[in-house]
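Visitor: The structure follows.
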Amino acid sequence: WSRDADMEDVTIDPATGNLYLALEYSQKVYRLTPPKYNNHETIFYVQEAIDKGYENSGLEGIAYYKDDMLFVGSQWGANLWIYKFDGTKVSKVSLSKFADEIAGLCYDPVGDWLWVVDSNYVKAYICTVDGKLLATYNLGSVSNAESICVDRKNSCVWIGSDEGSSKLYKYDFKF
């Protein structure tokens with residue numbers, strides 16, 4: 001599937017297999033449905049990001065949460081929203097007390113934790129679902145960490161980097 005859009009992050013609903021994409025410039029969320037994933041629909045816009053002109057500092061992270069809800073994060077203000085699939089905003093918090101941006105998100109249902117990657121501070125964070133910081137991890141020499149995936153099966157966390165030559169980093173992790 002190909003689309004002229006600034007796609008920044010992807011997540012999957014484990015029950016349906018639907019993919020959800022965060023689009024940065026347009027500040028919207030797409031849904032793609034299985035089995036071919038070749039049709040998309042806009043399910044909602046993050047109006048605040050549009051109204052405040054986030055543009056290229058807009059939506060960067062998305063993660064399936066539960067009960068037909070998504071976490072959506074922005075670069076500007078390190079804002080974290082929870083939205084229902086129907087576009088209803090459930091909540092908003094800023095992670096700016098510890099993060100400079102949200103570059104990628106991953107929800108971990110086992111710990112009921114939200115993992116956040118911040119390419120500006122070169123860190124990964126573990127937060128509660130309401131944005132309280134639980135732990136901080138330095139990512140070392142990663143130059144543009146843009147995505148994060150928790151892999152409990154292999155006891156690691158994957159970090160995708162959008163550096164000059166894109167790289168995938170594996171960090172061993174004890175859960």
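Residues are referred to by chain and number: the chain letter is A, B, ... according to the order shown in the structure tokens, the number counts from 1 in that chain, and ligands are numbered separately from 1 in the order shown.
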Assign secondary structure with DSSP using the backbone only, and return the residues of stretch 15-79 of chain A in strand (DSSP E or B) as an mmCIF file with N, CA and C atoms, in the first residue's frame.

Guide:
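What follows is the written file part-v6.cif:
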```
data_model
loop_
_atom_site.group_PDB
_atom_site.id
_atom_site.type_symbol
_atom_site.label_atom_id
_atom_site.label_comp_id
_atom_site.auth_asym_id
_atom_site.auth_seq_id
_atom_site.Cartn_x
_atom_site.Cartn_y
_atom_site.Cartn_z
ATOM 1 N N LEU A 19 -5.126 -1.848 11.004
ATOM 2 C CA LEU A 19 -3.951 -1.011 11.214
ATOM 3 C C LEU A 19 -4.396 0.432 11.365
ATOM 4 N N TYR A 20 -3.705 1.173 12.226
ATOM 5 C CA TYR A 20 -3.973 2.592 12.440
ATOM 6 C C TYR A 20 -2.665 3.343 12.224
ATOM 7 N N LEU A 21 -2.734 4.407 11.430
ATOM 8 C CA LEU A 21 -1.558 5.183 11.068
ATOM 9 C C LEU A 21 -1.705 6.619 11.536
ATOM 10 N N ALA A 22 -0.641 7.177 12.102
ATOM 11 C CA ALA A 22 -0.602 8.593 12.472
ATOM 12 C C ALA A 22 0.040 9.362 11.331
ATOM 13 N N LEU A 23 -0.664 10.394 10.841
ATOM 14 C CA LEU A 23 -0.165 11.219 9.752
ATOM 15 C C LEU A 23 0.160 12.605 10.288
ATOM 16 N N LYS A 28 -4.029 13.583 11.233
ATOM 17 C CA LYS A 28 -5.165 12.672 11.223
ATOM 18 C C LYS A 28 -4.718 11.240 11.408
ATOM 19 N N VAL A 29 -5.705 10.385 11.670
ATOM 20 C CA VAL A 29 -5.469 8.959 11.860
ATOM 21 C C VAL A 29 -6.235 8.200 10.786
ATOM 22 N N TYR A 30 -5.504 7.341 10.075
ATOM 23 C CA TYR A 30 -6.084 6.444 9.080
ATOM 24 C C TYR A 30 -6.325 5.071 9.683
ATOM 25 N N ARG A 31 -7.320 4.380 9.143
ATOM 26 C CA ARG A 31 -7.533 2.958 9.451
ATOM 27 C C ARG A 31 -7.440 2.187 8.136
ATOM 28 N N LEU A 32 -6.677 1.091 8.156
ATOM 29 C CA LEU A 32 -6.609 0.151 7.040
ATOM 30 C C LEU A 32 -7.109 -1.192 7.548
ATOM 31 N N HIS A 40 -8.010 2.765 2.710
ATOM 32 C CA HIS A 40 -7.865 3.506 3.967
ATOM 33 C C HIS A 40 -9.083 4.396 4.173
ATOM 34 N N GLU A 41 -9.285 4.746 5.421
ATOM 35 C CA GLU A 41 -10.298 5.742 5.757
ATOM 36 C C GLU A 41 -9.756 6.597 6.888
ATOM 37 N N THR A 42 -10.095 7.880 6.857
ATOM 38 C CA THR A 42 -9.749 8.767 7.952
ATOM 39 C C THR A 42 -10.775 8.537 9.046
ATOM 40 N N ILE A 43 -10.295 8.199 10.255
ATOM 41 C CA ILE A 43 -11.262 7.985 11.333
ATOM 42 C C ILE A 43 -11.389 9.201 12.247
ATOM 43 N N PHE A 44 -10.345 10.018 12.342
ATOM 44 C CA PHE A 44 -10.476 11.288 13.062
ATOM 45 C C PHE A 44 -9.262 12.169 12.809
ATOM 46 N N TYR A 45 -9.433 13.444 13.096
ATOM 47 C CA TYR A 45 -8.369 14.447 13.088
ATOM 48 C C TYR A 45 -8.106 14.847 14.536
ATOM 49 N N LEU A 59 1.612 14.926 14.714
ATOM 50 C CA LEU A 59 1.442 13.542 15.138
ATOM 51 C C LEU A 59 2.635 12.697 14.722
ATOM 52 N N GLU A 60 3.224 12.039 15.703
ATOM 53 C CA GLU A 60 4.388 11.180 15.482
ATOM 54 C C GLU A 60 4.160 9.777 15.999
ATOM 55 N N GLY A 61 3.393 9.632 17.055
ATOM 56 C CA GLY A 61 3.230 8.321 17.675
ATOM 57 C C GLY A 61 1.783 7.895 17.740
ATOM 58 N N ILE A 62 1.581 6.576 17.657
ATOM 59 C CA ILE A 62 0.249 6.005 17.818
ATOM 60 C C ILE A 62 0.406 4.601 18.384
ATOM 61 N N ALA A 63 -0.497 4.229 19.281
ATOM 62 C CA ALA A 63 -0.463 2.887 19.859
ATOM 63 C C ALA A 63 -1.879 2.469 20.226
ATOM 64 N N TYR A 64 -2.230 1.243 19.843
ATOM 65 C CA TYR A 64 -3.518 0.709 20.253
ATOM 66 C C TYR A 64 -3.499 0.580 21.777
ATOM 67 N N MET A 69 -9.753 2.190 21.703
ATOM 68 C CA MET A 69 -9.095 3.476 21.951
ATOM 69 C C MET A 69 -7.640 3.424 21.490
ATOM 70 N N LEU A 70 -7.122 4.594 21.141
ATOM 71 C CA LEU A 70 -5.746 4.751 20.684
ATOM 72 C C LEU A 70 -5.048 5.844 21.481
ATOM 73 N N PHE A 71 -3.764 5.631 21.735
ATOM 74 C CA PHE A 71 -2.891 6.714 22.189
ATOM 75 C C PHE A 71 -2.368 7.405 20.936
ATOM 76 N N VAL A 72 -2.327 8.735 20.956
ATOM 77 C CA VAL A 72 -1.764 9.511 19.855
ATOM 78 C C VAL A 72 -0.834 10.541 20.488
ATOM 79 N N GLY A 73 0.392 10.656 19.963
ATOM 80 C CA GLY A 73 1.363 11.579 20.531
ATOM 81 C C GLY A 73 1.914 12.537 19.502
ATOM 82 N N SER A 74 2.331 13.715 19.960
ATOM 83 C CA SER A 74 2.878 14.739 19.059
ATOM 84 C C SER A 74 4.303 15.109 19.441
ATOM 85 N N ASN A 79 2.696 16.129 23.576
ATOM 86 C CA ASN A 79 1.303 15.903 23.954
ATOM 87 C C ASN A 79 0.884 14.469 23.697
#
```

Visitor: Do a neighbour search on A:Tyr169 at 8 Å with only C-alpha atoms, toss out local chain neighbours closer than 2 positions, and write the hits as a list in words.

Guide: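 These residues fall inside the cut-off: Trp158, Ile159, Gly160, Ser161, Lys167 and Tyr171 of chain A.
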
Visitor: DSSP says alpha helix (DSSP H) for which residues of stretch 16-124 of chain A? Put them as a VMD selection string?

Guide: chain A and resid 47 to 51

Visitor: At what distance in Å, to one decimal, does atom CA of A:Glu8 lie from atom CA of A:Ser26?

Guide: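 Atom CA of A:Glu8 lies 11.3 Å from atom CA of A:Ser26.
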
Visitor: Tell me, in Å to one decimal, how far atom CA of A:Phe175 is from atom CA of A:Lys123.

Guide: 18.0 Å

Visitor: What is the distance, in Å and to one decimal place, between atom CA of A:Gln27 and atom CA of A:Asp67?

Guide: 22.4 Å

Visitor: Of the candidates A:Pro35, A:Gly140, A:Gly58, A:Gly131, which shows the shortest atom-to-atom distance to A:Leu95, using only C-alpha atoms?

Guide: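 Closest residue, counting only C-alpha atoms: A:Gly131.
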
Visitor: Env of A:Asn154: 12 Å cut, atoms = only C-alpha atoms, seq-sep filter 3 positions within chain, self excluded. Answer as a PDB file with C-alpha atoms, in the first residue's frame.

Guide:
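What ended up in result-v2.pdb:
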```
ATOM      1  CA  CYS A 149       8.333  -1.848  19.986  1.00  0.00           C
ATOM      2  CA  VAL A 150       8.240  -3.895  23.193  1.00  0.00           C
ATOM      3  CA  ASP A 151       9.050  -7.560  22.541  1.00  0.00           C
ATOM      4  CA  VAL A 157      12.876  -3.485  23.131  1.00  0.00           C
ATOM      5  CA  TRP A 158      13.307  -2.523  19.476  1.00  0.00           C
ATOM      6  CA  LYS A 170      17.773  -4.114  19.823  1.00  0.00           C
ATOM      7  CA  TYR A 171      18.041  -3.470  23.565  1.00  0.00           C
ATOM      8  CA  ASP A 172      17.967  -6.514  25.800  1.00  0.00           C
ATOM      9  CA  PHE A 173      15.469  -5.949  28.588  1.00  0.00           C
ATOM     10  CA  LYS A 174      14.419  -7.838  31.728  1.00  0.00           C
ATOM     11  CA  PHE A 175      10.706  -7.486  32.357  1.00  0.00           C
TER      12      PHE A 175
END
```

Visitor: Would you mind listing what lies within 12 Å of A:Ser2 as a list in words, with only C-alpha atoms counted and same-chain residues fewer than 2 positions away left out?

Guide: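 The filter keeps Asp4, Ala5, Asp6, Met7, Leu32, Tyr37, Asn38, Asn39 and His40 of chain A.
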
Visitor: For N, CA, C and O atoms, I'd like the residues from the last selection saved as a tab-separated table (two decimals), in the first residue's frame.

Guide:
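File produced: out.tsv:
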```tsv
chain	number	residue	atom	x	y	z
A	4	ASP	N	0.52	9.12	-0.66
A	4	ASP	CA	1.27	10.36	-0.51
A	4	ASP	C	0.82	11.03	0.79
A	4	ASP	O	-0.09	11.85	0.80
A	5	ALA	N	1.42	10.62	1.88
A	5	ALA	CA	1.08	11.14	3.20
A	5	ALA	C	2.31	11.01	4.08
A	5	ALA	O	3.17	10.18	3.84
A	6	ASP	N	2.39	11.82	5.10
A	6	ASP	CA	3.53	11.79	6.02
A	6	ASP	C	3.20	10.83	7.16
A	6	ASP	O	2.86	11.25	8.26
A	7	MET	N	3.31	9.52	6.87
A	7	MET	CA	3.00	8.50	7.88
A	7	MET	C	4.16	8.39	8.85
A	7	MET	O	5.30	8.20	8.46
A	32	LEU	N	-6.68	1.09	8.16
A	32	LEU	CA	-6.61	0.15	7.04
A	32	LEU	C	-7.11	-1.19	7.55
A	32	LEU	O	-6.75	-1.61	8.66
A	37	TYR	N	-5.32	-4.71	3.26
A	37	TYR	CA	-4.83	-3.41	3.75
A	37	TYR	C	-4.60	-2.42	2.60
A	37	TYR	O	-3.69	-1.61	2.65
A	38	ASN	N	-5.44	-2.46	1.58
A	38	ASN	CA	-5.23	-1.56	0.45
A	38	ASN	C	-6.23	-0.42	0.37
A	38	ASN	O	-6.16	0.40	-0.52
A	39	ASN	N	-7.16	-0.36	1.31
A	39	ASN	CA	-8.09	0.76	1.39
A	39	ASN	C	-7.93	1.45	2.74
A	39	ASN	O	-7.75	0.79	3.75
A	40	HIS	N	-8.01	2.76	2.71
A	40	HIS	CA	-7.87	3.51	3.97
A	40	HIS	C	-9.08	4.40	4.17
A	40	HIS	O	-9.80	4.72	3.23
```

Visitor: Could you list, as a PyMOL selection string, every residue within 7 Å of A:Val117, counting only C-alpha atoms and ignoring same-chain residues fewer than 6 positions away?

Guide: chain A and resi 102-105+123-125+145-148

Visitor: So, counting only C-alpha atoms, which residue among A:Leu168, A:Asp51, A:Ala99, A:Gly17 is closest to A:Tyr137?

Guide: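 Of A:Leu168, A:Asp51, A:Ala99, A:Gly17, the one nearest A:Tyr137, counting only C-alpha atoms, is A:Ala99.
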
Visitor: Identify which of the residues A:Gly111, A:Thr16, A:Val122, A:Thr128 lies closest to A:Val93, counting only C-alpha atoms when measuring atom-to-atom distances.

Guide: A:Thr128

Visitor: Could you list, as a compact mmCIF listing (two decimals) with N, CA and C atoms, in the first residue's frame, every residue within 9 Å of A:Trp113, counting only C-alpha atoms and ignoring same-chain residues fewer than 4 positions away?

Guide:
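Contents of out-v8.txt, as written:
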```txt
# COMPACT_ATOMS: atom_id res chain seq x y z
N CYS A 106 4.43 2.78 22.18
CA CYS A 106 4.08 1.37 22.22
C CYS A 106 3.39 1.09 23.55
N TYR A 107 2.18 0.57 23.48
CA TYR A 107 1.46 0.20 24.71
C TYR A 107 1.79 -1.24 25.04
N ASP A 108 2.11 -1.49 26.30
CA ASP A 108 2.43 -2.82 26.81
C ASP A 108 1.29 -3.25 27.73
N PRO A 109 0.37 -4.10 27.25
CA PRO A 109 -0.77 -4.48 28.07
C PRO A 109 -0.41 -5.35 29.27
N ILE A 126 9.18 4.81 30.24
CA ILE A 126 8.02 4.01 30.58
C ILE A 126 7.13 4.89 31.44
N CYS A 127 5.86 4.96 31.06
CA CYS A 127 4.89 5.80 31.77
C CYS A 127 3.66 4.98 32.12
N THR A 128 2.92 5.49 33.08
CA THR A 128 1.58 4.96 33.29
C THR A 128 0.72 5.44 32.13
N VAL A 129 -0.47 4.90 31.99
CA VAL A 129 -1.33 5.30 30.88
C VAL A 129 -1.83 6.74 31.02
N LEU A 134 7.62 6.44 35.00
CA LEU A 134 8.03 5.32 35.84
C LEU A 134 9.53 5.02 35.71
```
